[in-house]
>>> print(open('protein-v8.txt').read())   # compact mmCIF, C-alpha atoms and all ligand atoms
# COMPACT_ATOMS: atom_id res chain seq x y z
CA MET A 15 5.41 137.62 2.52
CA LYS A 16 8.30 140.01 3.22
CA ALA A 17 11.70 139.22 1.69
CA ILE A 18 15.12 140.87 1.27
CA VAL A 19 15.67 140.89 -2.48
CA LYS A 20 18.66 141.72 -4.62
CA THR A 21 16.69 143.36 -7.39
CA LYS A 22 19.30 144.98 -9.61
CA PRO A 23 22.94 144.42 -10.64
CA GLU A 24 24.09 147.41 -8.59
CA PRO A 25 24.72 148.15 -4.88
CA GLY A 26 21.79 147.76 -2.45
CA VAL A 27 18.88 145.47 -1.60
CA GLU A 28 15.13 146.00 -1.34
CA LEU A 29 12.52 144.78 1.11
CA LEU A 30 9.67 143.49 -1.05
CA ASP A 31 6.32 141.78 -0.68
CA VAL A 32 6.56 138.56 -2.68
CA ASP A 33 4.53 135.35 -3.01
CA VAL A 34 5.12 132.46 -0.61
CA PRO A 35 7.00 129.79 -2.65
CA GLN A 36 4.81 127.20 -4.41
CA VAL A 37 5.27 123.66 -3.12
CA GLY A 38 5.62 121.09 -5.91
CA GLU A 39 5.54 117.33 -5.29
CA THR A 40 9.28 117.19 -4.44
CA ASP A 41 9.41 120.48 -2.51
CA ILE A 42 9.58 121.37 1.18
CA LEU A 43 8.31 124.67 2.56
CA ILE A 44 10.28 126.13 5.48
CA LYS A 45 9.00 128.78 7.85
CA VAL A 46 12.25 130.64 8.43
CA SER A 47 13.26 131.18 12.07
CA ALA A 48 16.64 132.79 11.50
CA GLY A 49 18.67 133.85 8.48
CA SER A 50 22.30 134.74 9.06
CA LEU A 51 24.07 137.50 7.15
CA CYS A 52 27.19 136.13 5.43
CA GLY A 53 30.23 137.95 4.06
CA SER A 54 29.15 136.84 0.59
CA ASP A 55 25.75 138.54 1.06
CA ILE A 56 27.65 141.75 1.80
CA HIS A 57 29.68 141.14 -1.35
CA TYR A 58 26.43 141.00 -3.36
CA TYR A 59 24.95 143.96 -1.46
CA GLU A 60 27.95 146.09 -2.44
CA TRP A 61 28.01 144.51 -5.90
CA LEU A 62 31.73 143.77 -5.74
CA PRO A 63 33.56 141.86 -8.49
CA GLY A 64 32.25 138.28 -8.65
CA SER A 65 28.66 139.32 -7.93
CA GLN A 66 27.72 138.86 -11.59
CA PHE A 67 27.37 135.12 -10.87
CA ILE A 68 24.18 135.70 -8.91
CA ARG A 69 20.80 135.56 -10.60
CA VAL A 70 19.01 138.88 -10.20
CA PRO A 71 16.33 139.31 -8.92
CA VAL A 72 16.89 136.83 -6.12
CA ILE A 73 15.93 136.59 -2.44
CA LEU A 74 19.25 136.59 -0.56
CA GLY A 75 20.20 134.31 2.35
CA HIS A 76 21.84 130.88 2.37
CA GLU A 77 22.55 130.52 6.11
CA PHE A 78 19.26 129.69 7.79
CA SER A 79 17.17 127.53 10.06
CA GLY A 80 13.44 126.97 10.32
CA GLN A 81 10.54 124.61 10.64
CA VAL A 82 9.01 122.41 7.95
CA VAL A 83 5.43 123.60 7.39
CA GLU A 84 4.47 121.82 4.17
CA VAL A 85 5.86 118.92 2.12
CA GLY A 86 5.10 117.75 -1.43
CA SER A 87 3.46 114.36 -2.02
CA LEU A 88 6.76 112.66 -2.95
CA VAL A 89 8.80 113.98 0.02
CA GLU A 90 9.75 111.25 2.49
CA ASN A 91 12.86 112.51 4.28
CA VAL A 92 11.24 115.22 6.43
CA GLN A 93 7.86 115.82 8.06
CA VAL A 94 5.81 118.85 8.90
CA GLY A 95 7.04 120.15 12.27
CA ASP A 96 10.69 119.13 11.85
CA ARG A 97 13.22 121.77 12.92
CA VAL A 98 15.91 121.91 10.24
CA SER A 99 18.82 123.59 8.52
CA ALA A 100 20.24 122.57 5.14
CA MET A 101 23.27 122.83 2.89
CA PRO A 102 22.71 125.67 0.42
CA SER A 103 23.06 123.74 -2.81
CA MET A 104 20.53 121.17 -3.89
CA PRO A 105 19.38 119.17 -6.89
CA CYS A 106 16.17 120.41 -8.48
CA CYS A 107 14.50 116.94 -8.30
CA GLN A 108 12.76 117.73 -11.64
CA CYS A 109 15.28 117.48 -14.49
CA SER A 110 15.90 114.21 -16.35
CA ASN A 111 19.09 113.47 -14.37
CA CYS A 112 17.29 114.02 -11.05
CA ARG A 113 14.33 111.88 -12.16
CA ALA A 114 16.77 109.11 -13.08
CA GLY A 115 18.16 109.23 -9.54
CA ARG A 116 21.31 111.14 -10.49
CA GLY A 117 20.81 114.24 -8.36
CA ASP A 118 24.61 114.69 -8.28
CA SER A 119 24.46 115.48 -12.01
CA CYS A 120 21.43 117.79 -11.75
CA SER A 121 21.49 120.16 -14.69
CA ASN A 122 19.51 122.79 -12.80
CA ARG A 123 21.09 122.85 -9.32
CA LEU A 124 19.46 125.30 -6.96
CA VAL A 125 21.71 127.48 -4.84
CA PRO A 126 19.49 129.49 -2.48
CA GLY A 127 20.44 133.14 -2.16
CA LEU A 128 22.60 132.96 -5.27
CA LEU A 129 20.99 131.14 -8.20
CA SER A 130 17.58 130.58 -6.63
CA ASP A 131 15.53 132.26 -3.94
CA GLY A 132 17.05 132.11 -0.46
CA PHE A 133 15.93 132.47 3.13
CA PHE A 134 15.94 136.15 4.06
CA ALA A 135 12.17 135.83 3.89
CA GLU A 136 9.28 134.54 5.96
CA TYR A 137 9.26 131.29 3.99
CA GLY A 138 11.79 129.47 1.85
CA ARG A 139 11.78 126.37 -0.31
CA LEU A 140 14.01 123.29 -0.19
CA THR A 141 13.82 120.25 -2.44
CA ALA A 142 13.69 116.63 -1.25
CA GLY A 143 17.21 116.17 -2.64
CA ALA A 144 18.77 118.77 -0.33
CA ASN A 145 21.15 117.76 2.45
CA ILE A 146 18.78 118.52 5.31
CA PHE A 147 19.83 118.31 8.95
CA LYS A 148 17.22 117.79 11.66
CA LEU A 149 18.12 119.77 14.76
CA PRO A 150 18.56 118.09 18.13
CA GLU A 151 16.36 119.71 20.78
CA ASN A 152 19.29 121.41 22.47
CA VAL A 153 20.40 123.19 19.29
CA SER A 154 18.62 126.52 18.96
CA TYR A 155 17.40 127.96 15.68
CA GLU A 156 19.96 130.73 16.14
CA ALA A 157 22.88 128.32 16.48
CA ALA A 158 21.55 126.25 13.57
CA ALA A 159 21.49 129.30 11.31
CA LEU A 160 25.29 129.39 11.81
CA LEU A 161 25.91 125.79 10.70
CA GLU A 162 27.00 126.87 7.23
CA PRO A 163 29.82 129.28 8.22
CA PHE A 164 30.73 127.07 11.17
CA SER A 165 31.21 124.17 8.73
CA VAL A 166 33.45 126.37 6.57
CA ALA A 167 35.69 126.93 9.62
CA LEU A 168 35.57 123.26 10.64
CA ASN A 169 36.63 122.19 7.15
CA ALA A 170 39.56 124.63 7.29
CA VAL A 171 40.76 123.27 10.64
CA ASP A 172 40.35 119.70 9.30
CA LEU A 173 42.65 120.57 6.39
CA SER A 174 45.33 121.81 8.81
CA ASP A 175 45.53 118.35 10.47
CA LEU A 176 45.58 120.07 13.87
CA LYS A 177 47.18 118.01 16.62
CA ILE A 178 46.62 118.66 20.32
CA GLY A 179 49.21 121.08 21.68
CA GLN A 180 49.99 122.81 18.40
CA LYS A 181 50.24 126.58 18.09
CA ALA A 182 48.15 128.58 15.66
CA ALA A 183 47.13 132.05 14.57
CA VAL A 184 43.95 133.29 12.97
CA LEU A 185 44.18 136.40 10.80
CA GLY A 186 40.81 138.16 10.71
CA PRO A 187 38.31 138.11 13.62
CA GLY A 188 35.16 138.00 11.47
CA PRO A 189 32.59 135.25 12.10
CA ILE A 190 34.63 132.61 10.20
CA GLY A 191 37.82 133.60 12.04
CA LEU A 192 36.02 133.48 15.40
CA PHE A 193 34.54 130.04 14.62
CA THR A 194 38.04 128.88 13.62
CA LEU A 195 39.30 130.11 16.99
CA GLN A 196 36.56 128.19 18.83
CA ILE A 197 37.33 125.00 16.92
CA LEU A 198 41.10 125.34 17.49
CA LYS A 199 40.41 125.79 21.18
CA ALA A 200 38.10 122.75 21.32
CA GLY A 201 40.65 120.80 19.25
CA GLY A 202 43.43 121.32 21.78
CA ALA A 203 45.63 124.07 20.33
CA SER A 204 47.99 125.23 23.08
CA LEU A 205 48.42 128.78 21.84
CA ILE A 206 46.10 130.79 19.61
CA MET A 207 46.89 134.27 18.33
CA MET A 208 44.10 136.39 16.82
CA ALA A 209 45.12 139.29 14.60
CA GLY A 210 42.98 142.13 13.31
CA THR A 211 43.00 145.86 12.62
CA GLY A 212 41.92 148.86 14.71
CA ALA A 213 38.48 148.70 13.07
CA ASP A 214 38.13 145.15 14.44
CA GLU A 215 38.32 146.32 18.06
CA LYS A 216 34.96 144.82 19.13
CA ARG A 217 35.71 141.59 17.33
CA LEU A 218 39.14 141.31 18.93
CA ASP A 219 37.54 141.79 22.36
CA LEU A 220 35.18 138.94 21.55
CA ALA A 221 38.15 136.81 20.42
CA GLU A 222 39.74 137.35 23.81
CA GLU A 223 36.51 136.33 25.55
CA LEU A 224 36.40 133.20 23.40
CA GLY A 225 39.84 132.15 24.54
CA ALA A 226 42.43 133.69 22.20
CA ASP A 227 45.74 133.72 24.11
CA VAL A 228 47.30 136.63 22.22
CA ILE A 229 45.55 139.52 20.47
CA VAL A 230 47.46 141.53 17.88
CA ASP A 231 46.37 144.79 16.30
CA VAL A 232 48.31 144.60 13.02
CA GLU A 233 48.30 148.40 12.74
CA LYS A 234 50.35 148.61 15.95
CA ASP A 235 52.29 145.34 16.05
CA ASP A 236 53.76 143.04 13.44
CA PRO A 237 52.21 139.61 14.00
CA ALA A 238 55.26 137.85 12.49
CA PHE A 239 57.57 139.62 14.96
CA LYS A 240 55.17 138.88 17.81
CA THR A 241 55.10 135.22 16.77
CA LEU A 242 58.89 134.91 16.87
CA GLU A 243 58.96 136.62 20.25
CA LEU A 244 56.44 134.14 21.63
CA THR A 245 57.54 130.90 20.03
CA GLY A 246 61.15 131.32 18.93
CA GLN A 247 60.65 129.63 15.57
CA GLY A 248 57.10 130.25 14.44
CA LEU A 249 53.65 128.70 14.57
CA ASP A 250 52.45 125.31 13.33
CA MET A 251 49.62 126.86 11.36
CA VAL A 252 48.02 130.13 10.33
CA PHE A 253 44.44 130.56 9.13
CA GLU A 254 43.95 133.47 6.74
CA ALA A 255 40.36 134.71 7.12
CA THR A 256 40.68 138.35 6.07
CA GLY A 257 40.56 138.26 2.27
CA ASN A 258 43.40 140.81 2.31
CA PRO A 259 45.98 139.59 -0.26
CA LYS A 260 48.84 140.94 1.91
CA SER A 261 48.00 138.49 4.66
CA VAL A 262 49.15 135.51 2.55
CA ALA A 263 52.79 136.64 2.79
CA GLN A 264 52.23 137.54 6.43
CA GLY A 265 50.91 134.05 7.20
CA LEU A 266 53.89 132.43 5.46
CA ASN A 267 56.24 134.54 7.60
CA MET A 268 54.49 133.42 10.77
CA VAL A 269 54.72 129.63 10.40
CA LYS A 270 57.78 127.62 11.33
CA PRO A 271 59.56 125.29 8.88
CA GLY A 272 57.06 122.61 7.82
CA GLY A 273 54.15 124.85 8.89
CA LYS A 274 50.88 125.35 7.07
CA VAL A 275 48.95 128.41 5.95
CA VAL A 276 45.26 127.72 5.34
CA LEU A 277 43.51 130.27 3.13
CA ILE A 278 39.80 130.72 3.84
CA GLY A 279 39.29 134.35 2.79
CA ILE A 280 38.07 135.31 -0.66
CA HIS A 281 40.59 137.74 -2.13
CA PRO A 282 39.67 140.58 -4.48
CA GLY A 283 43.03 140.48 -6.26
CA LEU A 284 46.40 138.78 -6.67
CA ALA A 285 48.55 138.02 -3.64
CA GLU A 286 52.30 138.57 -3.69
CA PHE A 287 54.76 136.48 -1.70
CA ASP A 288 58.37 135.37 -1.88
CA PRO A 289 58.35 131.65 -2.75
CA THR A 290 61.97 130.87 -1.82
CA PRO A 291 61.61 130.99 1.99
CA MET A 292 58.46 128.92 1.51
CA VAL A 293 60.41 126.31 -0.48
CA ARG A 294 63.38 126.29 1.90
CA GLY A 295 61.03 126.14 4.88
CA ARG A 296 58.98 123.32 3.26
CA LYS A 297 55.84 125.28 4.07
CA THR A 298 52.40 124.38 2.75
CA LEU A 299 49.75 126.72 1.39
CA ILE A 300 46.26 125.19 1.51
CA GLY A 301 43.04 126.49 -0.04
CA ALA A 302 39.99 125.71 2.10
CA TYR A 303 36.57 126.17 0.54
CA ALA A 304 33.13 125.04 1.66
CA TYR A 305 32.61 121.59 3.23
CA ASP A 306 30.83 118.29 2.63
CA ALA A 307 27.80 116.74 4.32
CA GLN A 308 29.98 114.86 6.83
CA THR A 309 31.48 118.19 7.93
CA TRP A 310 27.97 119.52 8.59
CA GLU A 311 27.09 116.42 10.58
CA ARG A 312 30.17 116.92 12.77
CA ALA A 313 29.50 120.66 13.08
CA LEU A 314 26.01 119.88 14.38
CA ALA A 315 27.42 117.24 16.76
CA VAL A 316 30.08 119.56 18.18
CA ILE A 317 27.52 122.37 18.69
CA SER A 318 24.99 119.99 20.26
CA SER A 319 27.67 118.57 22.60
CA GLY A 320 28.33 122.06 24.00
CA GLN A 321 32.06 122.00 23.12
CA VAL A 322 31.63 125.27 21.29
CA ASN A 323 29.12 128.10 21.49
CA PRO A 324 28.67 129.58 18.01
CA GLU A 325 25.90 131.89 19.26
CA ALA A 326 28.59 133.94 21.00
CA VAL A 327 29.33 135.67 17.68
CA ILE A 328 25.72 136.87 17.19
CA THR A 329 25.60 140.55 18.07
CA HIS A 330 22.38 141.66 16.36
CA ARG A 331 18.97 140.07 15.78
CA LEU A 332 16.86 142.17 13.43
CA PRO A 333 13.51 141.93 11.68
CA LEU A 334 13.58 141.72 7.87
CA SER A 335 12.35 145.32 7.77
CA GLN A 336 15.74 146.44 9.13
CA ALA A 337 17.68 144.88 6.25
CA GLU A 338 19.46 148.11 5.39
CA LYS A 339 20.59 148.63 8.99
CA GLY A 340 21.81 145.02 9.23
CA PHE A 341 23.92 145.26 6.08
CA GLN A 342 25.37 148.63 7.11
CA MET A 343 26.33 147.40 10.59
CA ALA A 344 28.05 144.36 9.12
CA ILE A 345 29.89 146.50 6.56
CA ASN A 346 31.18 149.01 9.12
CA LYS A 347 32.02 146.12 11.53
CA GLU A 348 29.76 147.45 14.26
CA ALA A 349 28.19 144.00 14.18
CA VAL A 350 29.97 140.65 14.21
CA LYS A 351 27.13 138.39 13.09
CA VAL A 352 23.71 139.74 12.16
CA LEU A 353 20.67 137.45 12.17
CA PHE A 354 17.47 138.37 10.40
CA MET A 355 14.58 136.94 12.38
CA PRO A 356 11.41 136.88 10.22
ZN ZN B 401 27.80 131.86 4.08
ZN ZN B 402 17.83 118.30 -11.39
>>> encode(input="protein-v8.txt", output="structure tokens")
Amino acid sequence: MKAIVKTKPEPGVELLDVDVPQVGETDILIKVSAGSLCGSDIHYYEWLPGSQFIRVPVILGHEFSGQVVEVGSLVENVQVGDRVSAMPSMPCCQCSNCRAGRGDSCSNRLVPGLLSDGFFAEYGRLTAGANIFKLPENVSYEAAALLEPFSVALNAVDLSDLKIGQKAAVLGPGPIGLFTLQILKAGGASLIMMAGTGADEKRLDLAEELGADVIVDVEKDDPAFKTLELTGQGLDMVFEATGNPKSVAQGLNMVKPGGKVVLIGIHPGLAEFDPTPMVRGRKTLIGAYAYDAQTWERALAVISSGQVNPEAVITHRLPLSQAEKGFQMAINKEAVKVLFMP
């Protein structure tokens, strides 16, 4: 089968012919319908600092959906034909801890697209211990391939304790920022500012379509000044989804006393900010990372209910053979979200 493989600890990926995964007694074989290109995949593609954690060679791709086509003899939780997505970290089901029913303490956890083969391929493998979500009929494979990043955004909004009527800003109109915007909108925020750079033009247009009340190009306008102009005292919350260390201080300047800054972006270096106004303003800085299975369940419910339309961020659907093009378009921001459709 064809697969997008990170073959070497250096920039780039390769399209290779590899074997279809073997299905052991606790394994589940998935025919992949859609694999979604994540910011972290781009990180590994470019071989930026932090990439040394991944096991090379590895098939990339942890955001996916597909159909169960084969199950091992001990698998009971899914059946051939089920339409599914799954959380991208799972117990191996083979080690002594797993065999003793302690999958939480698995000594050989599989992390598809990072420490084990992922889903930018025609087929991928799950284990029976994975958190697998069966898709309601009205949730498309394309939407389901976005469950992972959507859950990241949902977890971030959860941590902000959003209340209906509150005012918020999102820094960074990438897929996570745009999902955060959709969730804030569905959650009843009364004013949402989206801030980006000139290079984000297409993404900022999409943010406006998705309901952002105020769009700020940070190269032309200062979002903190704009915030004061609009609200008098500042916002209730700011979501930092750029990974630019400067935006931490910016976020702190934008929230009112008692406000919260939720950090979602992964930053390449140290961030500098003045702590005294933060102390005097009793402001809170929150780190938001990943999600739990309950977050995924709610993400699936909110997508299925039609309250949000995550597919709106998909701009490109490409075959695996156009891997290079997909990565390049995501890097130069021509694309918002790229799906590989094997
Ligand atoms: Zn991801
Ligand atoms: Zn194990």
>>> closest_residue(input="protein-v8.txt", among="A:Arg97, A:Lys199, A:Lys240, A:His57", to="ligand ZN 401 (chain B)", atoms="only C-alpha atoms and all ligand atoms")
A:His57
>>> closest_atom_pairs(input="protein-v8.txt", of="chain A", to="ligand ZN 401 (chain B)", cutoff="10 Å", atoms="only C-alpha atoms and all ligand atoms", output="Markdown table")
| residue | atom | partner | partner_atom | distance |
| --- | --- | --- | --- | --- |
| A:Ser50 | CA | B:ZN401 | ZN | 8.0 |
| A:Leu51 | CA | B:ZN401 | ZN | 7.4 |
| A:Cys52 | CA | B:ZN401 | ZN | 4.5 |
| A:Gly53 | CA | B:ZN401 | ZN | 6.6 |
| A:Ser54 | CA | B:ZN401 | ZN | 6.2 |
| A:Asp55 | CA | B:ZN401 | ZN | 7.6 |
| A:Gly75 | CA | B:ZN401 | ZN | 8.2 |
| A:His76 | CA | B:ZN401 | ZN | 6.3 |
| A:Glu77 | CA | B:ZN401 | ZN | 5.8 |
| A:Phe78 | CA | B:ZN401 | ZN | 9.6 |
| A:Pro102 | CA | B:ZN401 | ZN | 8.8 |
| A:Gly127 | CA | B:ZN401 | ZN | 9.7 |
| A:Ala159 | CA | B:ZN401 | ZN | 9.9 |
| A:Leu160 | CA | B:ZN401 | ZN | 8.5 |
| A:Leu161 | CA | B:ZN401 | ZN | 9.2 |
| A:Glu162 | CA | B:ZN401 | ZN | 6.0 |
| A:Pro163 | CA | B:ZN401 | ZN | 5.3 |
| A:Phe164 | CA | B:ZN401 | ZN | 9.0 |
| A:Ser165 | CA | B:ZN401 | ZN | 9.6 |
| A:Val166 | CA | B:ZN401 | ZN | 8.3 |
| A:Pro189 | CA | B:ZN401 | ZN | 9.9 |
| A:Ile190 | CA | B:ZN401 | ZN | 9.2 |
| A:Ala304 | CA | B:ZN401 | ZN | 9.0 |
>>> closest_residue(input="protein-v8.txt", among="A:Ile56, A:Leu198, A:Val252, A:Ala238", to="A:Ala226", atoms="all atoms listed in the file")
A:Leu198
>>> closest_residue(input="protein-v8.txt", among="A:Gln36, A:Asn91, A:Gln81, A:Ser121", to="ligand ZN 402 (chain B)", atoms="all atoms listed in the file")
A:Ser121
>>> closest_atom_pairs(input="protein-v8.txt", of="chain A", to="ligand ZN 402 (chain B)", cutoff="6 Å", atoms="only C-alpha atoms and all ligand atoms", output="Markdown table")
| residue | atom | partner | partner_atom | distance |
| --- | --- | --- | --- | --- |
| A:Pro105 | CA | B:ZN402 | ZN | 4.8 |
| A:Cys106 | CA | B:ZN402 | ZN | 4.0 |
| A:Cys107 | CA | B:ZN402 | ZN | 4.7 |
| A:Gln108 | CA | B:ZN402 | ZN | 5.1 |
| A:Cys109 | CA | B:ZN402 | ZN | 4.1 |
| A:Asn111 | CA | B:ZN402 | ZN | 5.8 |
| A:Cys112 | CA | B:ZN402 | ZN | 4.3 |
| A:Gly117 | CA | B:ZN402 | ZN | 5.9 |
| A:Cys120 | CA | B:ZN402 | ZN | 3.7 |
| A:Ser121 | CA | B:ZN402 | ZN | 5.3 |
| A:Asn122 | CA | B:ZN402 | ZN | 5.0 |
| A:Arg123 | CA | B:ZN402 | ZN | 6.0 |
>>> atom_distance(input="protein-v8.txt", atom1="atom CA of A:Pro23", atom2="atom CA of A:Val70")
6.8 Å
>>> residues_around(input="protein-v8.txt", residues="A:Gly248", least_positions_apart="6", cutoff="7 Å", atoms="all atoms listed in the file", output="PDB file with C-alpha atoms, keeping the file's coordinate frame")
ATOM      1  CA  THR A 241      55.100 135.220  16.770  1.00  0.00           C
ATOM      2  CA  LEU A 242      58.890 134.910  16.870  1.00  0.00           C
ATOM      3  CA  MET A 268      54.490 133.420  10.770  1.00  0.00           C
ATOM      4  CA  VAL A 269      54.720 129.630  10.400  1.00  0.00           C
ATOM      5  CA  LYS A 270      57.780 127.620  11.330  1.00  0.00           C
TER       6      LYS A 270
END
>>> closest_residue(input="protein-v8.txt", among="A:Gly279, A:Gly295, A:Pro187, A:Pro71", to="A:Arg217", atoms="only C-alpha atoms")
A:Pro187
>>> atom_distance(input="protein-v8.txt", atom1="atom CA of A:Glu222", atom2="atom CA of A:Asp236")
18.3 Å
>>> closest_residue(input="protein-v8.txt", among="A:Lys274, A:Gly246, A:Ser79, A:Thr211", to="A:Ser154", atoms="all atoms listed in the file")
A:Ser79
>>> closest_residue(input="protein-v8.txt", among="A:Ile197, A:Leu266, A:Thr309, A:Gln321", to="A:Arg294", atoms="only C-alpha atoms")
A:Leu266
>>> atom_distance(input="protein-v8.txt", atom1="atom CA of A:Leu29", atom2="atom CA of A:Gln66")
20.7 Å
>>> residues_near_point(input="protein-v8.txt", point="(44.0, 130.4, 25.6)", cutoff="8 Å", atoms="all atoms listed in the file", output="PDB file with C-alpha atoms, in the frame of the given file")
ATOM      1  CA  LYS A 199      40.410 125.790  21.180  1.00  0.00           C
ATOM      2  CA  SER A 204      47.990 125.230  23.080  1.00  0.00           C
ATOM      3  CA  LEU A 205      48.420 128.780  21.840  1.00  0.00           C
ATOM      4  CA  ILE A 206      46.100 130.790  19.610  1.00  0.00           C
ATOM      5  CA  GLY A 225      39.840 132.150  24.540  1.00  0.00           C
ATOM      6  CA  ALA A 226      42.430 133.690  22.200  1.00  0.00           C
ATOM      7  CA  ASP A 227      45.740 133.720  24.110  1.00  0.00           C
ATOM      8  CA  VAL A 228      47.300 136.630  22.220  1.00  0.00           C
TER       9      VAL A 228
END
>>> residues_around(input="protein-v8.txt", residues="A:Val72", least_positions_apart="2", cutoff="9 Å", atoms="only C-alpha atoms", output="VMD selection string")
chain A and resid 18 to 21 68 to 70 74 126 to 132
>>> write_last_selection(input="protein-v8.txt", atoms="C-alpha atoms", output="compact mmCIF listing (two decimals), in the frame of the given file")
# COMPACT_ATOMS: atom_id res chain seq x y z
CA ILE A 18 15.12 140.87 1.27
CA VAL A 19 15.67 140.89 -2.48
CA LYS A 20 18.66 141.72 -4.62
CA THR A 21 16.69 143.36 -7.39
CA ILE A 68 24.18 135.70 -8.91
CA ARG A 69 20.80 135.56 -10.60
CA VAL A 70 19.01 138.88 -10.20
CA LEU A 74 19.25 136.59 -0.56
CA PRO A 126 19.49 129.49 -2.48
CA GLY A 127 20.44 133.14 -2.16
CA LEU A 128 22.60 132.96 -5.27
CA LEU A 129 20.99 131.14 -8.20
CA SER A 130 17.58 130.58 -6.63
CA ASP A 131 15.53 132.26 -3.94
CA GLY A 132 17.05 132.11 -0.46
>>> residues_around(input="protein-v8.txt", residues="A:Leu192", least_positions_apart="5", cutoff="9 Å", atoms="all atoms listed in the file", output="ChimeraX atom specification")
/A:167,184,186-187,197,208,217,220-221,224,324,327
>>> decode(input="protein-v8.txt", residues="stretch 172-183 of chain A", atoms="C-alpha atoms", output="JSON list (two decimals), in the first residue's frame")
[["chain", "number", "residue", "atom", "x", "y", "z"],
["A", 172, "ASP", "CA", -13.51, 24.27, 28.57],
["A", 173, "LEU", "CA", -10.49, 25.49, 30.54],
["A", 174, "SER", "CA", -11.55, 29.12, 30.04],
["A", 175, "ASP", "CA", -14.89, 28.47, 31.82],
["A", 176, "LEU", "CA", -16.64, 30.46, 29.08],
["A", 177, "LYS", "CA", -19.96, 31.95, 30.14],
["A", 178, "ILE", "CA", -22.62, 33.11, 27.70],
["A", 179, "GLY", "CA", -22.14, 36.76, 26.79],
["A", 180, "GLN", "CA", -18.43, 36.93, 27.50],
["A", 181, "LYS", "CA", -15.96, 38.58, 25.13],
["A", 182, "ALA", "CA", -12.98, 36.76, 23.69],
["A", 183, "ALA", "CA", -10.15, 36.94, 21.19]]
